[in-house]
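Chemist: My structure file protein-v6.txt, compact mmCIF, C-alpha atoms and all ligand atoms, is below:
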# COMPACT_ATOMS: atom_id res chain seq x y z
CA MET A 1 7.04 26.32 11.53
CA HIS A 2 6.53 23.45 9.15
CA LYS A 3 5.55 20.04 10.37
CA THR A 4 7.98 17.21 11.06
CA VAL A 5 6.66 13.73 10.33
CA LEU A 6 8.23 10.36 11.10
CA ILE A 7 7.23 7.89 8.39
CA THR A 8 7.87 4.14 8.48
CA GLY A 9 8.10 2.30 5.15
CA GLY A 10 8.70 5.49 3.18
CA ALA A 11 10.81 3.73 0.54
CA GLY A 12 7.93 1.46 -0.54
CA PHE A 13 5.29 2.05 -3.18
CA ILE A 14 2.76 4.11 -1.18
CA GLY A 15 5.14 5.46 1.47
CA SER A 16 7.47 6.97 -1.15
CA CYS A 17 4.54 8.69 -2.86
CA TYR A 18 3.53 10.17 0.51
CA VAL A 19 7.12 11.30 1.19
CA LEU A 20 7.30 13.07 -2.20
CA GLN A 21 3.99 14.86 -1.57
CA ALA A 22 4.98 15.78 2.00
CA ARG A 23 8.20 17.38 0.76
CA GLN A 24 6.20 19.36 -1.82
CA ARG A 25 4.06 20.65 1.04
CA GLY A 26 7.26 21.68 2.86
CA GLU A 27 7.08 19.13 5.67
CA ARG A 28 10.30 17.75 7.14
CA VAL A 29 10.33 13.97 6.73
CA ILE A 30 12.16 11.40 8.82
CA ASN A 31 11.89 8.22 6.77
CA LEU A 32 12.55 4.97 8.65
CA ASP A 33 12.68 2.00 6.29
CA LYS A 34 14.20 -1.46 6.60
CA LEU A 35 14.71 -1.70 2.83
CA THR A 36 13.25 -5.16 2.39
CA TYR A 37 12.89 -6.47 -1.18
CA ALA A 38 9.98 -3.99 -1.57
CA GLY A 39 11.87 -0.92 -0.32
CA ASN A 40 13.74 1.03 -2.95
CA LEU A 41 15.67 4.26 -2.52
CA GLU A 42 15.39 4.87 -6.27
CA ASN A 43 11.76 5.76 -5.52
CA LEU A 44 13.16 8.82 -3.73
CA ALA A 45 15.94 9.66 -6.16
CA THR A 46 14.62 13.21 -6.66
CA LEU A 47 15.19 13.90 -2.94
CA HIS A 48 18.87 12.99 -3.08
CA ASP A 49 20.15 16.43 -2.05
CA ASP A 50 17.16 17.39 0.04
CA ALA A 51 18.26 18.14 3.62
CA ALA A 52 14.65 18.03 4.86
CA HIS A 53 14.31 14.35 3.90
CA ILE A 54 16.23 12.34 6.47
CA PHE A 55 16.45 8.70 5.49
CA VAL A 56 17.19 6.20 8.27
CA HIS A 57 17.87 2.59 7.34
CA GLY A 58 16.30 0.53 10.14
CA ASP A 59 13.48 -1.58 11.50
CA MET A 60 10.36 -0.02 13.04
CA GLY A 61 10.58 -2.84 15.60
CA ASN A 62 13.97 -1.54 16.82
CA ALA A 63 12.73 0.20 19.98
CA GLU A 64 16.02 1.86 20.81
CA LEU A 65 16.36 3.40 17.35
CA VAL A 66 12.75 4.63 17.26
CA ARG A 67 13.11 6.10 20.78
CA TRP A 68 16.19 8.00 19.66
CA LEU A 69 14.49 9.29 16.50
CA LEU A 70 11.49 10.55 18.47
CA ARG A 71 13.64 12.36 21.06
CA HIS A 72 15.96 13.79 18.48
CA TYR A 73 13.48 14.98 15.84
CA GLN A 74 10.34 15.57 17.97
CA PRO A 75 7.86 14.72 15.18
CA ASP A 76 4.34 16.18 15.15
CA ALA A 77 3.05 12.89 13.75
CA VAL A 78 4.12 9.29 13.13
CA LEU A 79 2.70 7.59 10.02
CA ASN A 80 3.00 3.82 9.83
CA PHE A 81 3.20 2.59 6.23
CA ALA A 82 5.75 -0.18 6.87
CA ALA A 83 4.43 -3.68 6.30
CA GLU A 84 4.81 -6.92 4.47
CA SER A 85 2.13 -6.22 1.86
CA HIS A 86 1.73 -9.09 -0.62
CA VAL A 87 -1.04 -11.67 -0.09
CA ASP A 88 0.70 -14.45 -2.09
CA ARG A 89 3.86 -14.09 0.01
CA SER A 90 1.74 -14.26 3.18
CA ILE A 91 0.34 -17.60 2.00
CA LEU A 92 3.84 -19.03 1.62
CA ASP A 93 5.40 -17.39 4.72
CA PRO A 94 2.76 -16.22 7.23
CA GLU A 95 5.13 -15.75 10.18
CA ALA A 96 7.04 -12.97 8.41
CA PHE A 97 3.75 -11.05 8.29
CA VAL A 98 3.13 -11.54 12.00
CA ARG A 99 6.67 -10.39 12.80
CA THR A 100 6.51 -7.18 10.78
CA ASN A 101 2.85 -6.22 10.72
CA VAL A 102 1.86 -7.30 14.24
CA LEU A 103 5.00 -7.32 16.39
CA GLY A 104 6.63 -4.43 14.52
CA THR A 105 3.54 -2.25 14.91
CA ALA A 106 3.15 -3.26 18.59
CA SER A 107 6.73 -2.22 19.33
CA LEU A 108 6.31 1.05 17.42
CA LEU A 109 3.09 1.85 19.28
CA ARG A 110 4.66 1.15 22.65
CA VAL A 111 7.72 3.32 22.07
CA VAL A 112 5.67 6.15 20.56
CA THR A 113 3.19 6.04 23.45
CA THR A 114 5.90 6.21 26.13
CA TRP A 115 7.52 9.18 24.38
CA TRP A 116 4.14 10.88 23.79
CA GLN A 117 3.28 10.57 27.49
CA SER A 118 6.40 12.57 28.34
CA LEU A 119 5.47 15.54 26.12
CA PRO A 120 4.11 18.86 27.43
CA PRO A 121 0.26 19.04 27.21
CA LEU A 122 0.02 21.22 24.08
CA GLN A 123 2.45 19.03 22.11
CA GLN A 124 0.65 15.94 23.41
CA GLN A 125 -2.72 17.24 22.19
CA ALA A 126 -1.42 18.12 18.74
CA PHE A 127 0.39 14.80 18.17
CA ARG A 128 -1.13 12.11 15.90
CA PHE A 129 -0.27 8.45 15.17
CA LEU A 130 -1.70 7.45 11.78
CA HIS A 131 -1.82 3.78 10.81
CA VAL A 132 -2.19 2.91 7.12
CA SER A 133 -4.31 -0.19 6.61
CA THR A 134 -6.28 -2.05 4.00
CA ASP A 135 -9.86 -2.96 3.08
CA GLU A 136 -8.80 -6.63 3.15
CA VAL A 137 -9.37 -6.70 6.94
CA PHE A 138 -13.13 -6.74 6.21
CA GLY A 139 -12.95 -10.02 4.29
CA THR A 140 -14.80 -10.64 1.07
CA LEU A 141 -18.07 -9.48 -0.57
CA ARG A 142 -20.52 -11.14 -2.91
CA GLU A 143 -21.43 -9.45 -6.18
CA ASP A 144 -24.45 -7.56 -4.78
CA ASP A 145 -23.34 -6.96 -1.16
CA PRO A 146 -23.08 -3.33 -0.05
CA ALA A 147 -19.53 -1.92 0.01
CA PHE A 148 -17.40 -2.03 3.20
CA GLN A 149 -18.17 0.71 5.71
CA GLU A 150 -16.09 1.74 8.73
CA THR A 151 -18.55 -0.24 10.87
CA THR A 152 -18.27 -3.49 8.86
CA PRO A 153 -16.98 -6.26 11.16
CA TYR A 154 -13.46 -7.53 10.54
CA ARG A 155 -13.29 -10.99 8.87
CA PRO A 156 -9.78 -11.28 7.41
CA ASN A 157 -9.20 -14.30 5.17
CA SER A 158 -5.50 -14.28 4.22
CA PRO A 159 -2.54 -14.26 6.62
CA TYR A 160 -1.75 -10.77 5.25
CA ALA A 161 -5.25 -9.49 6.02
CA ALA A 162 -5.21 -11.16 9.46
CA SER A 163 -1.89 -9.53 10.34
CA LYS A 164 -3.16 -6.11 9.22
CA ALA A 165 -6.39 -6.65 11.21
CA ALA A 166 -4.33 -7.49 14.29
CA SER A 167 -2.28 -4.31 13.86
CA ASP A 168 -5.48 -2.25 13.43
CA HIS A 169 -6.85 -3.71 16.68
CA LEU A 170 -3.62 -2.82 18.49
CA VAL A 171 -3.84 0.76 17.22
CA ARG A 172 -7.42 1.04 18.46
CA ALA A 173 -6.45 -0.53 21.79
CA PHE A 174 -3.64 1.99 22.33
CA HIS A 175 -6.20 4.76 21.86
CA GLU A 176 -8.66 3.22 24.33
CA THR A 177 -6.05 2.17 26.90
CA TYR A 178 -3.50 4.98 26.84
CA GLY A 179 -5.38 7.76 25.05
CA LEU A 180 -2.84 7.87 22.18
CA PRO A 181 -4.42 10.11 19.49
CA VAL A 182 -4.57 7.58 16.68
CA LEU A 183 -6.08 7.71 13.20
CA LEU A 184 -6.71 4.65 11.06
CA THR A 185 -7.21 4.46 7.29
CA ASN A 186 -8.46 1.40 5.38
CA CYS A 187 -7.85 1.72 1.67
CA SER A 188 -8.69 -0.34 -1.40
CA ASN A 189 -6.19 -1.59 -4.03
CA ASN A 190 -3.70 1.04 -5.15
CA TYR A 191 -2.05 1.41 -8.53
CA GLY A 192 0.39 3.92 -9.98
CA PRO A 193 4.09 4.51 -10.62
CA ARG A 194 6.73 2.63 -8.59
CA GLN A 195 4.56 -0.32 -7.55
CA PHE A 196 6.65 -3.44 -7.07
CA PRO A 197 5.94 -5.83 -9.97
CA GLU A 198 4.62 -8.65 -7.81
CA LYS A 199 1.20 -6.93 -7.73
CA LEU A 200 -1.39 -7.39 -10.47
CA ILE A 201 -1.03 -4.28 -12.64
CA PRO A 202 2.77 -3.93 -12.94
CA LEU A 203 3.19 -7.71 -13.10
CA MET A 204 0.83 -8.03 -16.08
CA LEU A 205 2.31 -5.00 -17.77
CA LEU A 206 5.90 -6.24 -17.53
CA HIS A 207 4.98 -9.80 -18.52
CA ALA A 208 3.16 -8.42 -21.56
CA LEU A 209 6.17 -6.34 -22.61
CA ASP A 210 8.36 -9.46 -22.28
CA GLY A 211 5.87 -11.48 -24.36
CA ARG A 212 5.30 -13.85 -21.44
CA PRO A 213 1.95 -15.40 -20.38
CA LEU A 214 -0.32 -13.16 -18.28
CA PRO A 215 -1.20 -15.39 -15.29
CA VAL A 216 -4.81 -14.67 -14.30
CA TYR A 217 -5.79 -16.53 -11.11
CA GLY A 218 -8.93 -18.70 -11.29
CA THR A 219 -11.64 -17.28 -13.54
CA GLY A 220 -10.44 -13.66 -13.43
CA ARG A 221 -13.89 -12.60 -12.24
CA ASN A 222 -12.66 -11.44 -8.81
CA ILE A 223 -13.29 -7.76 -8.27
CA ARG A 224 -11.07 -5.07 -6.78
CA ASP A 225 -11.78 -1.36 -6.21
CA TRP A 226 -8.85 0.57 -7.70
CA LEU A 227 -7.47 3.89 -6.45
CA HIS A 228 -4.50 5.88 -7.74
CA VAL A 229 -1.70 5.98 -5.16
CA GLU A 230 -1.54 9.80 -5.28
CA ASP A 231 -5.22 9.99 -4.33
CA HIS A 232 -4.62 7.57 -1.46
CA CYS A 233 -1.75 9.70 -0.14
CA LEU A 234 -3.78 12.92 -0.39
CA ALA A 235 -6.55 11.20 1.58
CA ILE A 236 -4.05 10.19 4.28
CA ALA A 237 -2.76 13.76 4.49
CA ARG A 238 -6.33 15.02 4.85
CA VAL A 239 -7.10 12.50 7.61
CA LEU A 240 -3.92 13.52 9.41
CA GLU A 241 -4.89 17.18 9.14
CA ALA A 242 -8.55 17.00 10.13
CA GLY A 243 -9.54 13.45 11.09
CA ARG A 244 -10.97 12.84 14.56
CA PRO A 245 -8.60 10.93 16.89
CA GLY A 246 -9.79 7.39 17.55
CA GLN A 247 -11.66 7.23 14.23
CA SER A 248 -11.08 5.11 11.15
CA TYR A 249 -11.67 6.30 7.57
CA ASN A 250 -12.33 4.12 4.54
CA ILE A 251 -10.60 5.27 1.34
CA GLY A 252 -11.56 3.95 -2.09
CA GLY A 253 -11.85 4.83 -5.73
CA ARG A 254 -15.48 3.86 -6.45
CA SER A 255 -13.81 2.06 -9.32
CA GLU A 256 -14.63 -1.64 -9.18
CA ARG A 257 -13.24 -3.82 -11.96
CA SER A 258 -12.84 -7.55 -12.45
CA ASN A 259 -9.22 -8.70 -12.74
CA LEU A 260 -9.88 -9.88 -16.28
CA ASP A 261 -11.20 -6.43 -17.25
CA VAL A 262 -8.11 -4.78 -15.77
CA VAL A 263 -5.77 -7.14 -17.63
CA ARG A 264 -7.68 -6.62 -20.88
CA GLN A 265 -7.52 -2.86 -20.42
CA ILE A 266 -3.72 -3.04 -19.92
CA CYS A 267 -3.50 -5.06 -23.13
CA GLN A 268 -5.62 -2.55 -25.06
CA ILE A 269 -3.46 0.37 -23.94
CA LEU A 270 -0.29 -1.53 -24.90
CA ASP A 271 -1.78 -2.48 -28.27
CA ASP A 272 -2.23 1.23 -28.79
CA VAL A 273 1.09 2.64 -27.50
CA ARG A 274 3.48 -0.30 -28.11
CA PRO A 275 1.83 -2.66 -30.67
CA ARG A 276 3.16 -6.22 -30.98
CA ARG A 277 4.46 -7.45 -34.35
CA SER A 278 1.40 -9.65 -34.70
CA GLY A 279 -1.76 -10.09 -32.68
CA SER A 280 -2.85 -8.45 -29.44
CA TYR A 281 -1.23 -8.59 -26.01
CA ALA A 282 -4.55 -10.14 -24.91
CA ASP A 283 -3.44 -13.34 -26.71
CA LEU A 284 -1.01 -13.81 -23.78
CA ILE A 285 -3.80 -14.08 -21.16
CA THR A 286 -3.51 -17.46 -19.41
CA PHE A 287 -5.76 -18.75 -16.65
CA VAL A 288 -3.74 -20.40 -13.86
CA ALA A 289 -4.52 -22.14 -10.56
CA ASP A 290 -6.39 -19.87 -8.19
CA ARG A 291 -4.97 -18.27 -5.05
CA PRO A 292 -6.05 -20.30 -1.99
CA GLY A 293 -8.77 -18.45 -0.04
CA HIS A 294 -9.00 -15.88 -2.83
CA ASP A 295 -11.36 -13.06 -1.74
CA PHE A 296 -14.01 -12.58 -4.40
CA ARG A 297 -14.73 -8.88 -4.15
CA TYR A 298 -13.56 -5.76 -2.32
CA ALA A 299 -15.48 -2.48 -2.50
CA ILE A 300 -15.15 0.59 -0.32
CA ASP A 301 -17.88 2.97 0.77
CA CYS A 302 -15.89 6.18 1.19
CA SER A 303 -18.82 8.46 2.02
CA LYS A 304 -17.46 9.21 5.52
CA ILE A 305 -14.16 10.75 4.35
CA GLU A 306 -16.00 12.53 1.53
CA ALA A 307 -18.62 14.06 3.85
CA GLU A 308 -16.43 14.77 6.89
CA LEU A 309 -13.17 15.77 5.26
CA GLY A 310 -14.16 16.78 1.73
CA TRP A 311 -11.75 14.33 0.05
CA ARG A 312 -12.44 13.09 -3.49
CA PRO A 313 -10.21 11.08 -5.84
CA ARG A 314 -8.69 13.19 -8.65
CA HIS A 315 -7.71 10.40 -11.04
CA ASP A 316 -10.17 8.28 -13.00
CA PHE A 317 -9.05 4.71 -13.63
CA ALA A 318 -8.79 4.89 -17.44
CA SER A 319 -6.43 7.87 -17.57
CA GLY A 320 -4.64 6.83 -14.36
CA LEU A 321 -3.87 3.43 -15.86
CA ARG A 322 -2.65 4.99 -19.10
CA GLU A 323 -0.33 7.35 -17.17
CA THR A 324 0.93 4.47 -15.03
CA ILE A 325 1.77 2.41 -18.10
CA ALA A 326 3.57 5.42 -19.60
CA TRP A 327 5.60 5.74 -16.38
CA TYR A 328 6.76 2.11 -16.58
CA LEU A 329 7.60 2.47 -20.27
CA ASN A 330 9.66 5.59 -19.53
CA ASN A 331 11.42 4.11 -16.50
CA ALA A 332 12.81 0.85 -17.82
CA GLU A 333 15.92 1.27 -15.66
CA TRP A 334 13.86 1.31 -12.43
CA THR A 335 12.15 -1.87 -13.57
CA GLU A 336 15.41 -3.60 -14.47
CA HIS A 337 16.87 -2.82 -11.05
CA VAL A 338 13.90 -4.18 -9.07
CA ARG A 339 13.75 -7.36 -11.13
CA SER A 340 16.88 -8.66 -9.44
CA GLY A 341 17.82 -12.24 -8.57
CA ALA A 342 15.51 -12.18 -5.53
CA TYR A 343 12.58 -11.17 -7.75
CA ARG A 344 13.27 -14.01 -10.16
CA GLU A 345 13.33 -16.48 -7.27
CA TRP A 346 9.90 -15.20 -6.15
CA MET A 347 8.48 -15.60 -9.66
CA GLN A 348 9.68 -19.17 -9.71
CA ARG A 349 8.31 -19.90 -6.23
CA ASN A 350 4.84 -18.43 -6.79
CA TYR A 351 4.14 -19.29 -10.40
CA ALA A 352 6.02 -22.51 -11.27
CA SER A 353 3.46 -24.73 -9.51
CA ARG A 354 0.43 -22.89 -10.94
CA THR A 355 -0.26 -24.99 -13.95
CA GLU A 356 -2.33 -23.51 -16.73
CA ALA A 357 -6.05 -23.90 -16.00
CA LYS A 358 -9.23 -23.43 -17.98
CA ALA A 359 -11.43 -20.53 -16.81
P1 LIG A 401 5.37 -2.05 -0.07
O1 LIG A 401 5.53 -3.52 0.16
O2 LIG A 401 5.59 -1.48 -1.43
O3 LIG A 401 6.34 -1.25 0.91
C1 LIG A 401 6.52 -1.58 2.26
C2 LIG A 401 7.73 -0.79 2.77
O4 LIG A 401 7.88 -1.09 4.18
C3 LIG A 401 9.04 -1.16 2.08
O5 LIG A 401 9.77 0.01 1.77
C4 LIG A 401 9.77 -1.99 3.14
O6 LIG A 401 11.19 -1.90 3.02
C5 LIG A 401 9.27 -1.34 4.42
N1 LIG A 401 9.34 -2.21 5.61
C6 LIG A 401 8.95 -3.50 5.70
N2 LIG A 401 9.16 -3.95 6.96
C7 LIG A 401 9.69 -2.92 7.66
C8 LIG A 401 10.11 -2.74 9.01
N3 LIG A 401 10.03 -3.75 9.89
N4 LIG A 401 10.60 -1.54 9.40
C9 LIG A 401 10.69 -0.52 8.51
N5 LIG A 401 10.33 -0.62 7.22
C10 LIG A 401 9.84 -1.80 6.80
O7 LIG A 401 3.92 -1.71 0.48
P2 LIG A 401 2.86 -0.63 -0.06
O8 LIG A 401 2.07 -1.22 -1.16
O9 LIG A 401 3.58 0.67 -0.25
O10 LIG A 401 1.91 -0.54 1.22
C11 LIG A 401 2.18 0.40 2.27
C12 LIG A 401 1.11 0.24 3.35
O11 LIG A 401 -0.18 0.46 2.77
C13 LIG A 401 1.07 -1.16 3.96
O12 LIG A 401 0.85 -1.02 5.34
C14 LIG A 401 -0.11 -1.83 3.27
O13 LIG A 401 -0.70 -2.79 4.12
C15 LIG A 401 -1.03 -0.66 3.05
N6 LIG A 401 -1.95 -0.76 1.90
C16 LIG A 401 -1.50 -1.12 0.66
C17 LIG A 401 -2.39 -1.17 -0.42
C18 LIG A 401 -1.90 -1.53 -1.81
O14 LIG A 401 -2.74 -1.68 -2.71
N7 LIG A 401 -0.62 -1.65 -2.06
C19 LIG A 401 -3.74 -0.87 -0.22
C20 LIG A 401 -4.18 -0.50 1.05
C21 LIG A 401 -3.28 -0.45 2.11
P1 LIG A 402 -2.77 -8.18 -5.88
O1 LIG A 402 -2.20 -7.13 -6.76
O2 LIG A 402 -1.84 -9.22 -5.32
O3 LIG A 402 -3.58 -7.43 -4.72
P2 LIG A 402 -4.59 -8.03 -3.59
O4 LIG A 402 -4.45 -9.49 -3.52
O5 LIG A 402 -4.06 -7.36 -2.37
O6 LIG A 402 -5.95 -7.58 -3.99
O7 LIG A 402 -3.92 -8.94 -6.69
C1 LIG A 402 -5.03 -8.24 -7.21
C2 LIG A 402 -5.96 -9.28 -7.82
O8 LIG A 402 -5.31 -9.85 -8.95
C3 LIG A 402 -6.29 -10.42 -6.89
O9 LIG A 402 -7.67 -10.79 -7.07
C4 LIG A 402 -5.40 -11.55 -7.34
C5 LIG A 402 -5.21 -11.27 -8.83
N1 LIG A 402 -3.91 -11.68 -9.40
C6 LIG A 402 -3.87 -12.52 -10.54
O10 LIG A 402 -4.93 -12.90 -11.08
N2 LIG A 402 -2.66 -12.87 -11.03
C7 LIG A 402 -1.48 -12.48 -10.46
O11 LIG A 402 -0.39 -12.89 -10.95
C8 LIG A 402 -1.53 -11.62 -9.32
C9 LIG A 402 -0.28 -11.15 -8.65
C10 LIG A 402 -2.77 -11.25 -8.82
Before we go any further, please render this structure as structure tokens.
Ligand code: NAD
Ligand code: TYD
Modeler:
Amino acid sequence: MHKTVLITGGAGFIGSCYVLQARQRGERVINLDKLTYAGNLENLATLHDDAAHIFVHGDMGNAELVRWLLRHYQPDAVLNFAAESHVDRSILDPEAFVRTNVLGTASLLRVVTTWWQSLPPLQQQAFRFLHVSTDEVFGTLREDDPAFQETTPYRPNSPYAASKAASDHLVRAFHETYGLPVLLTNCSNNYGPRQFPEKLIPLMLLHALDGRPLPVYGTGRNIRDWLHVEDHCLAIARVLEAGRPGQSYNIGGRSERSNLDVVRQICQILDDVRPRRSGSYADLITFVADRPGHDFRYAIDCSKIEAELGWRPRHDFASGLRETIAWYLNNAEWTEHVRSGAYREWMQRNYASRTEAKA
């Protein structure tokens, strides 16, 4: 019999990629998503007539609904992707992040644990709760610091990172206190198709295509470690399959780049595939006021998942970025739909007060 998985946040950027891969593997997917501004059923359009993808519009913090889903579908695993995920939004509205990422996860854990405790021993042993988290819980690195390991102490700096750290601690605590077989993954920055254009890569790409300024925060020297979303989802599947309960696994692309390098690379690709009438897209690069508390560098040491579980990323950044740009160019309708009135309000709120600054 194929697996049944209950996924929260499966209409978002990473969750939808996982859902599509899970269906290709033949798993039955129960997809619980609240459809916030970041959730988009168009991400799952290819599963429209797929009876083994059961979409449920709801909140992971709705205990009664989650209890019913668990009893009814008897999943072999619960994967928690649902979150508020954007650092800039967390700076402007931290409580929303506590509500979803902390309280939502706490409620989910409690309901899952009570149901899990009622299962027969064999089903109990086989069950897994996998929590998808971020490298941002570890705080920030200097240029020559070693990359984050699973043992690096948590030092979150943004309200987003703090809320994810709190949820990670709850997951660990449910393992220690109740014996829930949990798995935790901490991944670096993802890129790829269907990422909501509030995040660096799609935002710069769409601004460039519109001929608008490319708003680089601060000096643009901050460094992120980029991983293709499909590689992240394959790593999660591998952890679910063979990871040791109670353990956390760092996932990263060994692909550190400064923001300015990433933006320049986007511009170069666009100059190649969609040249402007005159000049380069790089002429649009504009340095703007920095993000408060902006972490300088993230880098992941992923030797544990490589050695224990044999996972390796398949995409390299250069070709992955090129393919991602091609996806956005070929899916203009998707982009138009997500750039609704609410998106325009966000752009105004986050960028209007960031006056142009010299790097
Ligand atoms: P996203 O913002 O694109 O999607 C989040 C999804 O969760 C949306 O579909 C939204 O509707 C849903 N959601 C929000 N609150 C919910 C609730 N209360 N109940 C049910 N559904 C709810 O986020 P993403 O980029 O796909 O990130 C997914 C997960 O991966 C998050 O937990 C995030 O912290 C983590 N992560 C993201 C990155 C990254 O680079 N994007 C890197 C590492 C880890
Ligand atoms: P982001 O995609 O928001 O991811 P995170 O903050 O989780 O790493 O941002 C990636 C980097 O890009 C981060 O250092 C902030 C920077 N950035 C800009 O310079 N300009 C922008 O408009 C955005 C959204 C991000």
Chemist: Could you list as JSON, numbers by chain every residue that has an atom within 12 Å of (5.4, 5.9, -1.2), using the file's coordinates and counting all atoms listed in the file?
Modeler: {"A": [7, 8, 9, 10, 11, 12, 13, 14, 15, 16, 17, 18, 19, 20, 21, 22, 23, 31, 33, 38, 39, 40, 41, 42, 43, 44, 79, 80, 81, 82, 132, 190, 191, 192, 193, 194, 195, 196, 228, 229, 230, 231, 232, 233, 234, 236]}
Chemist: How would the residues just picked look written out with C-alpha atoms as a PDB file, in the frame of the given file?
Modeler:
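Just written: result_38.pdb:
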ATOM      1  CA  ILE A   7       7.230   7.890   8.390  1.00  0.00           C
ATOM      2  CA  THR A   8       7.870   4.140   8.480  1.00  0.00           C
ATOM      3  CA  GLY A   9       8.100   2.300   5.150  1.00  0.00           C
ATOM      4  CA  GLY A  10       8.700   5.490   3.180  1.00  0.00           C
ATOM      5  CA  ALA A  11      10.810   3.730   0.540  1.00  0.00           C
ATOM      6  CA  GLY A  12       7.930   1.460  -0.540  1.00  0.00           C
ATOM      7  CA  PHE A  13       5.290   2.050  -3.180  1.00  0.00           C
ATOM      8  CA  ILE A  14       2.760   4.110  -1.180  1.00  0.00           C
ATOM      9  CA  GLY A  15       5.140   5.460   1.470  1.00  0.00           C
ATOM     10  CA  SER A  16       7.470   6.970  -1.150  1.00  0.00           C
ATOM     11  CA  CYS A  17       4.540   8.690  -2.860  1.00  0.00           C
ATOM     12  CA  TYR A  18       3.530  10.170   0.510  1.00  0.00           C
ATOM     13  CA  VAL A  19       7.120  11.300   1.190  1.00  0.00           C
ATOM     14  CA  LEU A  20       7.300  13.070  -2.200  1.00  0.00           C
ATOM     15  CA  GLN A  21       3.990  14.860  -1.570  1.00  0.00           C
ATOM     16  CA  ALA A  22       4.980  15.780   2.000  1.00  0.00           C
ATOM     17  CA  ARG A  23       8.200  17.380   0.760  1.00  0.00           C
ATOM     18  CA  ASN A  31      11.890   8.220   6.770  1.00  0.00           C
ATOM     19  CA  ASP A  33      12.680   2.000   6.290  1.00  0.00           C
ATOM     20  CA  ALA A  38       9.980  -3.990  -1.570  1.00  0.00           C
ATOM     21  CA  GLY A  39      11.870  -0.920  -0.320  1.00  0.00           C
ATOM     22  CA  ASN A  40      13.740   1.030  -2.950  1.00  0.00           C
ATOM     23  CA  LEU A  41      15.670   4.260  -2.520  1.00  0.00           C
ATOM     24  CA  GLU A  42      15.390   4.870  -6.270  1.00  0.00           C
ATOM     25  CA  ASN A  43      11.760   5.760  -5.520  1.00  0.00           C
ATOM     26  CA  LEU A  44      13.160   8.820  -3.730  1.00  0.00           C
ATOM     27  CA  LEU A  79       2.700   7.590  10.020  1.00  0.00           C
ATOM     28  CA  ASN A  80       3.000   3.820   9.830  1.00  0.00           C
ATOM     29  CA  PHE A  81       3.200   2.590   6.230  1.00  0.00           C
ATOM     30  CA  ALA A  82       5.750  -0.180   6.870  1.00  0.00           C
ATOM     31  CA  VAL A 132      -2.190   2.910   7.120  1.00  0.00           C
ATOM     32  CA  ASN A 190      -3.700   1.040  -5.150  1.00  0.00           C
ATOM     33  CA  TYR A 191      -2.050   1.410  -8.530  1.00  0.00           C
ATOM     34  CA  GLY A 192       0.390   3.920  -9.980  1.00  0.00           C
ATOM     35  CA  PRO A 193       4.090   4.510 -10.620  1.00  0.00           C
ATOM     36  CA  ARG A 194       6.730   2.630  -8.590  1.00  0.00           C
ATOM     37  CA  GLN A 195       4.560  -0.320  -7.550  1.00  0.00           C
ATOM     38  CA  PHE A 196       6.650  -3.440  -7.070  1.00  0.00           C
ATOM     39  CA  HIS A 228      -4.500   5.880  -7.740  1.00  0.00           C
ATOM     40  CA  VAL A 229      -1.700   5.980  -5.160  1.00  0.00           C
ATOM     41  CA  GLU A 230      -1.540   9.800  -5.280  1.00  0.00           C
ATOM     42  CA  ASP A 231      -5.220   9.990  -4.330  1.00  0.00           C
ATOM     43  CA  HIS A 232      -4.620   7.570  -1.460  1.00  0.00           C
ATOM     44  CA  CYS A 233      -1.750   9.700  -0.140  1.00  0.00           C
ATOM     45  CA  LEU A 234      -3.780  12.920  -0.390  1.00  0.00           C
ATOM     46  CA  ILE A 236      -4.050  10.190   4.280  1.00  0.00           C
TER      47      ILE A 236
END
Chemist: Find the residues around Glu308 in chain A up to 9 Å (all atoms listed in the file counted), leave out those fewer than 4 positions away in its own chain, and share them as a PyMOL selection string.
Modeler: chain A and resi 242-243+303-304
Chemist: Give me the residues within 12 Å of Ser158 in chain A as a PyMOL selection string, counting all atoms listed in the file and dropping any in the same chain fewer than 3 places off.
Modeler: chain A and resi 85-94+97-98+136-140+155+161-165+291-295
Chemist: Store the residues picked out above, limited to C-alpha atoms, as a short mmCIF file (atom, residue, chain, number, x, y, z; two decimals), in the frame of the given file.
Modeler:
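This went into again14.cif:
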data_model
loop_
_atom_site.label_atom_id
_atom_site.label_comp_id
_atom_site.auth_asym_id
_atom_site.auth_seq_id
_atom_site.Cartn_x
_atom_site.Cartn_y
_atom_site.Cartn_z
CA SER A 85 2.13 -6.22 1.86
CA HIS A 86 1.73 -9.09 -0.62
CA VAL A 87 -1.04 -11.67 -0.09
CA ASP A 88 0.70 -14.45 -2.09
CA ARG A 89 3.86 -14.09 0.01
CA SER A 90 1.74 -14.26 3.18
CA ILE A 91 0.34 -17.60 2.00
CA LEU A 92 3.84 -19.03 1.62
CA ASP A 93 5.40 -17.39 4.72
CA PRO A 94 2.76 -16.22 7.23
CA PHE A 97 3.75 -11.05 8.29
CA VAL A 98 3.13 -11.54 12.00
CA GLU A 136 -8.80 -6.63 3.15
CA VAL A 137 -9.37 -6.70 6.94
CA PHE A 138 -13.13 -6.74 6.21
CA GLY A 139 -12.95 -10.02 4.29
CA THR A 140 -14.80 -10.64 1.07
CA ARG A 155 -13.29 -10.99 8.87
CA ALA A 161 -5.25 -9.49 6.02
CA ALA A 162 -5.21 -11.16 9.46
CA SER A 163 -1.89 -9.53 10.34
CA LYS A 164 -3.16 -6.11 9.22
CA ALA A 165 -6.39 -6.65 11.21
CA ARG A 291 -4.97 -18.27 -5.05
CA PRO A 292 -6.05 -20.30 -1.99
CA GLY A 293 -8.77 -18.45 -0.04
CA HIS A 294 -9.00 -15.88 -2.83
CA ASP A 295 -11.36 -13.06 -1.74
#
